[in-house]
Amino acid sequence: MTHDTSSQKPNPNQRSDAEHLPSQQEHYGASIDHDEEAVVIVGSGAGGGTLAYELTAKGIPCVVLEAGPYLMPEDYENDEWASFKQMAWLDGRTSSGPYRVARDWPRLPAWVVKAVGGSTTHWSGATPRFRAHEFRTRTYYGDIEGANLLDWPITLEELAPYYDRAERAIGSTHRHGRPPLPANNNYKVFANGAEKIGYRFYATGPYGTNAEPYDGRPASIQDGFNFQGDKSTAKWNTAVREIPRAIKTGKCDLRCTSQAVQVTHDAGGRVNAVLYVDKAGALHRQAAKVVCVAGNSIESPRLLLMSASALHPDGLANSSGQVGRNYMRHLTGSVYARFDEPVHMYRGETMAGIIADEARQDTSRGFVGGYYLETLSLGPAFLAAFVDPGLWGPEFTEVMDAYANTAGMWIVGEDLPQQTNRVTLNSAVRDQWGLPAADVWFQDHANDVAMRNHGYGRADLLYEAVGAVGVHHTPPYPATHNLGTCRLSERPEDGVADRWGQAHDVPGLFISDGSQMTTGGAANPSLTIVALAIRQAEFIADQLGKGAL
Amino acid sequence: MPDPTPAPIDADSRRNLVRLLRVAYPHPRFPDGPYERTADAIIGQVDDSLWQRLVLSEGLTSLDARATADGQDSFVDLDDETALGLLRKLEDSEFFRFIRSVAVVTLYDDAEVHQLLGYEGPSFEQGGYLHRGFDDLDWLPNPRIEEYHGPEHLIEVAPDDEPTHASTQA
């Protein structure tokens with residue numbers, strides 16, 4: 001085992017850290033007094049889980065508030081609907097606006113996870129980095145009507161060392177000496193088609209699942225269940241790595257089934273506490289000197305909007321008016337192709353197939369920004385629900401009957417930020433605590449439509465090149481990549497937080513998840529969220545050490 | 001307040017529902033079992049809602065009236081094409097939408113259907129597909145799995161798309 005060059009020495013015989021923890025307790029780790037001013041982290045996913053580990057490893061006490069339970073690998077189910085009911089965020093939410101999700105899924109704008117690990121529990125694993133120009137979209141894409149483009153206040157060069165660390169934490173294949181995953185059946189179709197239509201930049205990764213034992217976790221057994229949580233622990237997520245390690249430091253107080261409902265500030269305007277509701281509905285107050293909000297890009301702005309005060313009448317940290325705005329959900333479209341021969345696309349790592357050739361800026365294609373093509377598979381239960389909601393009759397059963405001979409891919413690309421694409425409080429719909437639900441209003445930009453149609457066209461060509469007898473275009477479904485609702489900006493009037501993720505107008509308040517993304521890039525976001533969290537943890541530790549926070 | 005008397009879903013109505021499901025979701029390979037289980041799941045759902053009970057009961061009964069207009073005694077006597085045409089006219093109705101919403105998440109969430117479609121279901125307990133065919137596709141050559149290391153380079157920004165004054169905004 002000489003592939004890794006980081007300080008973490010891999011030991012293939014060591015069992016996963018998470019296997020030593022009991023399942024679904026309400027509390028894990030240290031007990032921090034409610035009056036002790038701790039670092040309070042809301043959420044335990046890619047952002048929150050990473051912060052918890054990085055900060056507690058430096059000896060800084062953290063309280064982690066996680067709305068969901070701590071599911072262990074043995075709890076996960078190899079069953080699409082049973083798993084969905086077990087871990088999806090199903091509390092009151094609405095979708096609205098002209099996009100089709102509002103019609104097909106009026107109560108489910110997003111498919112994200114409510115459990116320790118957040119959406120890293122059900123992520124697939126693709127870990128491409130942003131490209132340099134994707135941090136500077138206002139400069140590169142120009143002033144596009146209807147879009148609210150802005151350059152990030154940081155560059156790829158600044159983030160690159162943290163990308164290295166994030167890839168080592170995740171164990172990305174094809175990076176830092178780690179080997180690629182083998183080709184599964186779906187990838188064989190995908191990659192052969194790619195080669196035939198002239199694509200070059202395809203591979204089975206980079207991908208956050210072990211091709212060989214690494215970091216105490218085993219190699220993939222190609223079981224085909226990614227979106228349901230990985231029972232084998234070959235796939236990285238914060239519930240099997242960062243959170244158990246944070247607990248081991250003795251500095252992490254993890255409170256599960258604890259829903260943050262308000263962030264408060266003192267007379268001077270700096271954060272001083274988080275109010276949260278426990279499983280029984282009792283309200284608690286945890287004092288805080290630093291609050292890191294990492295509840296995914298729908299819950300994070302919802303929490304800030306629910307935290308309005310006399311000093312912040314439009315919601316905490318919202319003097320720019322940008323909290324909840326510029327919601328992005330990545331381009332999203334899928335293509336399923338039928339063949340005369342068997343494929344069995346469901347066998348193996350779901351998204352271990354990435355084509356990067358279209359992930360570039362080339363407006364001769366008719367749009368700005370770029371996209372990736374990535375292998376995708378659903379079981380019959382989810383394929384029936386998502387392939388084309390509302391479709392029935394022989395056109396529908398033709399798709400289902402071909403299941404064993406079907407190959408699938410996802411189009412994931414950059415969608416443009418728009419001020420009107422927005423998360424707001426829907427006071428007509430309440431969650432189980434009586435709090436206003438989040439509403440997600442969304443409309444495609446013309447650029448998004450042009451890019452998606454280009455992606456569908458390329459996917460058709462790719463599959464036809466290897467003999468497809470029919471293709472089906474699946475429309476966008478409830479968003480798995482939710483981004484941008486509390487964006488970073490150089491100037492306070494343009495966004496919510498500064499180059500470190502600290503709110504421009506609330507000292508001690510940090511945005512620590514995908515909602516900080518100024519623009520979304522084409523890349524799957526988890527790697528970037530982890531890299532930003534490692535960087536932010538360094539900053540917070542440094543500032544706490546200097547007494548500046 | 002006492003529960004109102006349920007509008008009964010009788011044997012004729014259930015038979016119409018099974019027939020409707022087979023016409024709406026036609027799979028010649030499927031036996032009756034999956035359709036019957038789906039019908040029972042739909043009927044089971046209406047227990048909680050008077051509105052859905054009324055909609056389903058009236059919808060299923062009135063299918064026969066529509067069939068009579070087409071010159072048949074009952075809906076189950078219609079041939080596939082005629083029955084499909086009848087359902088097309090109803091597809092936006094509350095009745096049909098309710099059936100569809102339950103059917104699409106029930107019919108295909110069924111172990112027998114999974115087998116019929118060639119899906120193998122839970123795999124972790126069997127060691128995944130590592131030794132059970134994850135890479136057994138043999139009608140195409142084995143592709144490269146490593147990233148491309150040839151002479152071409154991915155051009156991240158096309159020359160014509162380089163900003164003319166990229167440094168104006170930091």
# chains A, B, ... in the order shown; residues from 1 in each chain; ligands from 1

call {"tool": "closest_atom_pairs", "arguments": {"of": "chain B", "to": "chain A", "cutoff": "8 Å", "atoms": "only C-alpha atoms", "output": "tab-separated table"}}
result
residue	atom	partner	partner_atom	distance
B:Val23	CA	A:Gly393	CA	7.1
B:Ala24	CA	A:Gly393	CA	4.7
B:Tyr25	CA	A:Gly393	CA	5.4
B:Pro26	CA	A:Pro394	CA	6.2
B:His27	CA	A:Thr397	CA	6.6
B:Leu84	CA	A:Gly393	CA	7.7
B:Arg100	CA	A:Gly390	CA	7.7
B:Val104	CA	A:Ala384	CA	6.2
B:Val105	CA	A:Ala385	CA	6.3
B:Thr106	CA	A:Ala381	CA	7.9
B:Tyr108	CA	A:Ala381	CA	4.8
B:Asp109	CA	A:Ala381	CA	4.9
B:His114	CA	A:Pro380	CA	6.8
B:Leu117	CA	A:Tyr403	CA	6.0
B:Gly118	CA	A:Ala404	CA	5.3
B:Tyr119	CA	A:Ala404	CA	6.8
B:Gly121	CA	A:Asp79	CA	7.3
B:Pro122	CA	A:Asn78	CA	4.8
B:Ser123	CA	A:Asp223	CA	5.6
B:Phe124	CA	A:Asp223	CA	5.6
B:Gly127	CA	A:Ile221	CA	6.4
B:Gly128	CA	A:Asp223	CA	3.7
B:Tyr129	CA	A:Gln222	CA	5.3
B:Leu130	CA	A:Ile221	CA	5.1
B:Gly133	CA	A:Arg347	CA	7.3
B:Phe134	CA	A:Arg347	CA	4.9
B:Asp135	CA	A:Asn184	CA	4.6
B:Asp136	CA	A:Asn185	CA	6.7
B:Leu137	CA	A:Asn185	CA	5.5
B:Trp139	CA	A:Glu341	CA	7.5
B:Leu140	CA	A:Lys188	CA	7.0
B:Pro141	CA	A:Asn192	CA	7.5
B:Asn142	CA	A:Lys188	CA	6.5
B:Pro143	CA	A:Lys188	CA	6.1
B:Arg144	CA	A:Ala203	CA	6.9
B:Ile145	CA	A:Ala203	CA	4.8
B:Glu146	CA	A:Ala203	CA	5.3
B:Glu147	CA	A:Ala203	CA	5.0
B:Tyr148	CA	A:Phe201	CA	5.5
B:Leu154	CA	A:Asp357	CA	6.9
B:Ile155	CA	A:Arg360	CA	7.0
B:Glu156	CA	A:Arg360	CA	4.6
B:Val157	CA	A:Gln361	CA	4.7
B:Ala158	CA	A:Asp362	CA	5.1
B:Asp160	CA	A:Asp362	CA	7.9
B:Asp161	CA	A:Asp362	CA	6.4
B:Glu162	CA	A:Tyr140	CA	6.8
B:Pro163	CA	A:Tyr140	CA	5.5
B:Ala166	CA	A:Thr139	CA	5.9
B:Thr168	CA	A:Thr139	CA	7.9
B:Gln169	CA	A:Thr139	CA	6.6
B:Ala170	CA	A:Asp151	CA	7.7

call {"tool": "write_last_selection", "arguments": {"atoms": "N, CA and C atoms", "output": "compact mmCIF listing (two decimals), in the first residue's frame"}}
result
# COMPACT_ATOMS: atom_id res chain seq x y z
N VAL B 23 -54.07 -2.47 -19.31
CA VAL B 23 -54.13 -1.65 -20.54
C VAL B 23 -53.20 -0.44 -20.42
N ALA B 24 -53.17 0.17 -19.23
CA ALA B 24 -52.35 1.37 -19.05
C ALA B 24 -50.86 1.02 -18.97
N TYR B 25 -50.56 -0.15 -18.42
CA TYR B 25 -49.16 -0.60 -18.27
C TYR B 25 -49.01 -1.97 -18.91
N PRO B 26 -49.10 -2.02 -20.25
CA PRO B 26 -49.13 -3.33 -20.91
C PRO B 26 -47.76 -4.01 -20.97
N HIS B 27 -47.64 -5.13 -20.29
CA HIS B 27 -46.44 -5.96 -20.36
C HIS B 27 -46.89 -7.38 -20.67
N LEU B 84 -57.54 1.25 -24.54
CA LEU B 84 -56.49 2.27 -24.43
C LEU B 84 -57.03 3.63 -24.87
N ARG B 100 -52.76 6.19 -11.50
CA ARG B 100 -51.42 6.23 -12.08
C ARG B 100 -50.37 6.50 -10.99
N VAL B 104 -47.59 3.50 -10.54
CA VAL B 104 -46.22 3.60 -11.04
C VAL B 104 -45.19 3.34 -9.93
N VAL B 105 -45.56 3.56 -8.68
CA VAL B 105 -44.62 3.27 -7.59
C VAL B 105 -44.88 1.91 -6.94
N THR B 106 -45.90 1.21 -7.40
CA THR B 106 -46.24 -0.09 -6.81
C THR B 106 -45.92 -1.25 -7.76
N TYR B 108 -43.88 -1.50 -10.14
CA TYR B 108 -42.46 -1.73 -10.41
C TYR B 108 -41.62 -1.86 -9.14
N ASP B 109 -42.32 -1.87 -8.00
CA ASP B 109 -41.65 -2.10 -6.72
C ASP B 109 -42.07 -3.47 -6.21
N HIS B 114 -39.50 -7.32 -10.81
CA HIS B 114 -38.06 -7.14 -10.96
C HIS B 114 -37.44 -8.33 -11.70
N LEU B 117 -38.31 -8.34 -15.37
CA LEU B 117 -37.60 -7.31 -16.13
C LEU B 117 -36.10 -7.58 -16.19
N GLY B 118 -35.63 -8.57 -15.42
CA GLY B 118 -34.20 -8.88 -15.43
C GLY B 118 -33.40 -8.05 -14.46
N TYR B 119 -34.02 -7.64 -13.36
CA TYR B 119 -33.32 -6.89 -12.31
C TYR B 119 -33.17 -7.79 -11.11
N GLY B 121 -32.25 -7.10 -7.83
CA GLY B 121 -32.62 -6.65 -6.50
C GLY B 121 -31.46 -6.53 -5.53
N PRO B 122 -31.72 -6.72 -4.22
CA PRO B 122 -30.67 -6.54 -3.22
C PRO B 122 -29.44 -7.38 -3.54
N SER B 123 -28.25 -6.80 -3.37
CA SER B 123 -27.05 -7.52 -3.79
C SER B 123 -25.97 -7.59 -2.72
N PHE B 124 -26.00 -6.68 -1.75
CA PHE B 124 -24.90 -6.63 -0.78
C PHE B 124 -24.69 -7.97 -0.09
N GLY B 127 -22.61 -10.44 -1.78
CA GLY B 127 -21.27 -10.03 -2.18
C GLY B 127 -21.24 -9.07 -3.36
N GLY B 128 -22.34 -8.37 -3.58
CA GLY B 128 -22.40 -7.45 -4.71
C GLY B 128 -22.37 -8.19 -6.04
N TYR B 129 -21.90 -7.48 -7.07
CA TYR B 129 -21.80 -8.12 -8.39
C TYR B 129 -20.35 -8.35 -8.80
N LEU B 130 -19.45 -8.19 -7.81
CA LEU B 130 -18.03 -8.32 -8.14
C LEU B 130 -17.73 -9.65 -8.82
N GLY B 133 -21.03 -10.83 -12.38
CA GLY B 133 -21.35 -10.27 -13.69
C GLY B 133 -21.37 -8.77 -13.83
N PHE B 134 -20.68 -8.02 -12.94
CA PHE B 134 -20.71 -6.57 -13.12
C PHE B 134 -20.03 -6.13 -14.42
N ASP B 135 -19.16 -7.00 -14.93
CA ASP B 135 -18.42 -6.64 -16.14
C ASP B 135 -18.54 -7.73 -17.21
N ASP B 136 -19.69 -8.42 -17.23
CA ASP B 136 -19.81 -9.56 -18.15
C ASP B 136 -20.29 -9.19 -19.56
N LEU B 137 -20.45 -7.91 -19.81
CA LEU B 137 -20.88 -7.51 -21.16
C LEU B 137 -19.77 -7.85 -22.16
N TRP B 139 -20.30 -7.89 -25.79
CA TRP B 139 -20.57 -7.53 -27.19
C TRP B 139 -19.89 -6.23 -27.61
N LEU B 140 -19.06 -5.70 -26.72
CA LEU B 140 -18.23 -4.54 -27.04
C LEU B 140 -16.85 -4.81 -26.48
N PRO B 141 -15.81 -4.19 -27.08
CA PRO B 141 -14.46 -4.39 -26.53
C PRO B 141 -14.31 -3.74 -25.16
N ASN B 142 -13.34 -4.21 -24.40
CA ASN B 142 -13.08 -3.60 -23.10
C ASN B 142 -12.44 -2.22 -23.30
N PRO B 143 -13.06 -1.18 -22.78
CA PRO B 143 -12.53 0.17 -22.99
C PRO B 143 -11.45 0.54 -21.99
N ARG B 144 -10.78 1.61 -22.28
CA ARG B 144 -9.80 2.18 -21.34
C ARG B 144 -10.52 2.66 -20.08
N ILE B 145 -9.90 2.46 -18.93
CA ILE B 145 -10.48 2.96 -17.68
C ILE B 145 -9.66 4.10 -17.08
N GLU B 146 -8.39 4.19 -17.52
CA GLU B 146 -7.53 5.29 -17.07
C GLU B 146 -7.92 6.58 -17.79
N GLU B 147 -7.52 7.69 -17.25
CA GLU B 147 -7.72 8.95 -17.95
C GLU B 147 -6.82 9.01 -19.19
N TYR B 148 -7.22 9.81 -20.15
CA TYR B 148 -6.50 9.94 -21.40
C TYR B 148 -5.12 10.58 -21.18
N LEU B 154 -7.30 18.84 -23.52
CA LEU B 154 -8.62 19.44 -23.41
C LEU B 154 -8.44 20.96 -23.33
N ILE B 155 -9.08 21.63 -24.25
CA ILE B 155 -8.99 23.10 -24.25
C ILE B 155 -10.13 23.63 -23.40
N GLU B 156 -9.79 24.10 -22.21
CA GLU B 156 -10.83 24.49 -21.24
C GLU B 156 -11.61 25.71 -21.69
N VAL B 157 -10.93 26.63 -22.38
CA VAL B 157 -11.61 27.81 -22.91
C VAL B 157 -11.20 27.97 -24.37
N ALA B 158 -12.18 27.97 -25.27
CA ALA B 158 -11.90 28.11 -26.69
C ALA B 158 -11.23 29.47 -26.93
N ASP B 160 -11.60 31.78 -29.02
CA ASP B 160 -12.53 32.89 -29.25
C ASP B 160 -13.28 33.31 -27.99
N ASP B 161 -13.22 32.49 -26.97
CA ASP B 161 -13.94 32.81 -25.74
C ASP B 161 -13.04 33.35 -24.63
N GLU B 162 -11.77 33.56 -24.95
CA GLU B 162 -10.91 34.21 -23.97
C GLU B 162 -11.39 35.65 -23.79
N PRO B 163 -11.62 36.07 -22.56
CA PRO B 163 -12.09 37.45 -22.37
C PRO B 163 -11.02 38.43 -22.84
N ALA B 166 -9.67 40.18 -19.31
CA ALA B 166 -9.97 39.27 -18.20
C ALA B 166 -9.55 39.82 -16.85
N THR B 168 -10.10 42.88 -15.72
CA THR B 168 -10.84 44.06 -15.26
C THR B 168 -11.63 43.78 -13.99
N GLN B 169 -11.98 42.51 -13.77
CA GLN B 169 -12.72 42.20 -12.54
C GLN B 169 -11.92 41.18 -11.74
N ALA B 170 -11.48 41.57 -10.59
CA ALA B 170 -10.64 40.68 -9.79
C ALA B 170 -11.46 39.59 -9.14

call {"tool": "residues_around", "arguments": {"residues": "Ala548 (chain A)", "least_positions_apart": "2", "cutoff": "12 Å", "atoms": "only C-alpha atoms", "output": "PyMOL selection string"}}
result
chain A and resi 289-290+507-508+539-546

call {"tool": "write_last_selection", "arguments": {"atoms": "N, CA and C atoms", "output": "JSON list (two decimals), in the first residue's frame"}}
result
[["chain", "number", "residue", "atom", "x", "y", "z"],
["A", 289, "LYS", "N", -19.80, 30.72, 19.94],
["A", 289, "LYS", "CA", -18.95, 31.85, 19.55],
["A", 289, "LYS", "C", -18.78, 31.89, 18.03],
["A", 290, "VAL", "N", -18.95, 30.73, 17.42],
["A", 290, "VAL", "CA", -18.92, 30.63, 15.96],
["A", 290, "VAL", "C", -20.07, 29.71, 15.55],
["A", 507, "PRO", "N", -20.59, 38.96, 12.24],
["A", 507, "PRO", "CA", -19.34, 38.34, 12.67],
["A", 507, "PRO", "C", -19.60, 37.00, 13.37],
["A", 508, "GLY", "N", -18.77, 36.02, 13.05],
["A", 508, "GLY", "CA", -18.88, 34.71, 13.68],
["A", 508, "GLY", "C", -19.82, 33.75, 12.97],
["A", 539, "PHE", "N", -9.01, 28.55, 8.56],
["A", 539, "PHE", "CA", -9.21, 29.97, 8.84],
["A", 539, "PHE", "C", -9.82, 30.16, 10.23],
["A", 540, "ILE", "N", -10.86, 29.37, 10.53],
["A", 540, "ILE", "CA", -11.53, 29.52, 11.82],
["A", 540, "ILE", "C", -10.56, 29.20, 12.96],
["A", 541, "ALA", "N", -9.79, 28.13, 12.80],
["A", 541, "ALA", "CA", -8.83, 27.75, 13.84],
["A", 541, "ALA", "C", -7.79, 28.86, 14.03],
["A", 542, "ASP", "N", -7.33, 29.41, 12.92],
["A", 542, "ASP", "CA", -6.35, 30.49, 12.99],
["A", 542, "ASP", "C", -6.93, 31.71, 13.70],
["A", 543, "GLN", "N", -8.14, 32.08, 13.35],
["A", 543, "GLN", "CA", -8.77, 33.27, 13.94],
["A", 543, "GLN", "C", -9.08, 33.05, 15.42],
["A", 544, "LEU", "N", -9.52, 31.84, 15.75],
["A", 544, "LEU", "CA", -9.79, 31.55, 17.17],
["A", 544, "LEU", "C", -8.48, 31.61, 17.96],
["A", 545, "GLY", "N", -7.41, 31.10, 17.38],
["A", 545, "GLY", "CA", -6.10, 31.12, 18.04],
["A", 545, "GLY", "C", -5.62, 32.54, 18.30],
["A", 546, "LYS", "N", -5.94, 33.44, 17.40],
["A", 546, "LYS", "CA", -5.51, 34.83, 17.54],
["A", 546, "LYS", "C", -6.48, 35.65, 18.38]]

call {"tool": "residues_around", "arguments": {"residues": "Val277 (chain A)", "least_positions_apart": "2", "cutoff": "6 Å", "atoms": "only C-alpha atoms", "output": "list in words"}}
result
Ser258, Gln259, Gly281, Ala282 and Leu283 of chain A

call {"tool": "write_last_selection", "arguments": {"atoms": "C-alpha atoms", "output": "JSON list (two decimals), in the first residue's frame"}}
result
[["chain", "number", "residue", "atom", "x", "y", "z"],
["A", 258, "SER", "CA", -31.83, 18.05, 16.36],
["A", 259, "GLN", "CA", -33.26, 20.57, 13.93],
["A", 281, "GLY", "CA", -40.14, 18.80, 20.06],
["A", 282, "ALA", "CA", -38.44, 20.52, 23.01],
["A", 283, "LEU", "CA", -36.61, 23.75, 22.22]]

call {"tool": "closest_residue", "arguments": {"among": "A:Thr485, A:Tyr477, A:Ala126, A:Gly521", "to": "Val101 (chain A)", "atoms": "only C-alpha atoms"}}
result
A:Tyr477

call {"tool": "residues_around", "arguments": {"residues": "Glu145 (chain A)", "least_positions_apart": "6", "cutoff": "12 Å", "atoms": "only C-alpha atoms", "output": "number ranges by chain"}}
result
A: 138, 416-419, 445-447
